[in-house]
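J.: Quick one: structure below, then a few questions.
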Amino acid sequence: MSGEWGLPMTRPGAMPETRGGWRTIAADPPWRYQDRNTRLAPDGQKRTARGGYSTMTAAEILALPIAEIAAPRAHLYLWTTDAHLPLALECINAWGFDWKRSIVWVKRGTSGKLAFGAGHYYRTAHELCLFATRGGLQAQTRSLRTVFEAPRRAHSEKPAELYRMAELVSPGPRLELFARALRPGWTTWGLECPEVAA
């Protein structure tokens, strides 16, 4: 893997491993957009305080060693956008998982109304998190719905609600890849995540 993402701030060097493998992995890859002159533009075309961050190519994301660090029986939560849905499904297969369900985050603005996001045909008011399994690992509970509402966060910041859901459904140990904040009960790995205090 090349670029800035090669050196995670919470764990130096390669992706963190744990004995027996991670049983729950959440990932929010820095997908590369092809839009030009928008806040979704690729690196170097337009970098703003809201949207400027380093991205990875499709090949780099597909080559991530998720299959090697995941437990033989595991769950995967993969954040994606509609624009990257085909690639996200390809990643799930390449990483050794089987897609089972889409979880939908319905975004609300500060006023409580539906968010009014970017979009060429329809304006986006949701984000997808694909749930996948490996080795037939069952859910710890089957009482949660596939849709949840939460306020829109800073650009690309994901809601804590999804991670609370994952903790109910999926067993530990848990790893969050491309994390932007430390999260209790999870090992975090990512360029934008603050370093663990010594």
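All residue names refer to the structure tokens as shown: chains lettered A, B, ... in order, residues numbered from 1 in each chain, ligands numbered from 1 in order.
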Find the nearest atom pair between each residue of segment 104-160 of chain A and segment 87-91 of chain A for residues within 12 Å, count only C-alpha atoms, give distances in Å to one decimal, sort rows by chain and ascending number, and present the table as CSV.
T.:
```
residue,atom,partner,partner_atom,distance
A:Leu128,CA,A:Ala88,CA,10.3
A:Cys129,CA,A:Ala88,CA,9.7
A:Leu130,CA,A:Ala88,CA,8.1
A:Phe131,CA,A:Leu89,CA,10.3
A:Ala132,CA,A:Leu89,CA,9.6
```
J.: As an MDAnalysis selection string, please: every residue in segment 48-133 of chain A that a backbone DSSP assignment puts in helix (DSSP H, G or I).
T.: chainID A and resid 58:62 66:69 82:94
J.: My list of candidates is A:Ala94, A:Ala139, A:Ala118, A:Ala179. Which is closest to Leu64 of chain A when distances are computed with only C-alpha atoms?
T.: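 Closest to Leu64 of chain A, using only C-alpha atoms: A:Ala94.
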J.: Provide the atom CA of Glu161 of chain A to atom CA of Thr110 of chain A distance in Å, to one decimal place.
T.: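 Taking atom CA of Glu161 of chain A and atom CA of Thr110 of chain A, their separation equals 16.8 Å.
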J.: Rounded to one decimal place, report the atom CA of Lys107 of chain A-atom CA of Ala160 of chain A distance in Å.
T.: 12.9 Å
J.: Distance atom CA of Gly172 of chain A-atom CA of Trp22 of chain A, one decimal place?
T.: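 We find that atom CA of Gly172 of chain A and atom CA of Trp22 of chain A lie 7.2 Å from each other.
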J.: Which of these, A:Glu68, A:Glu149, A:Glu157, A:Glu60, has the shortest distance to Arg19 of chain A once you count only C-alpha atoms?
T.: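 Nearest to Arg19 of chain A: A:Glu68.
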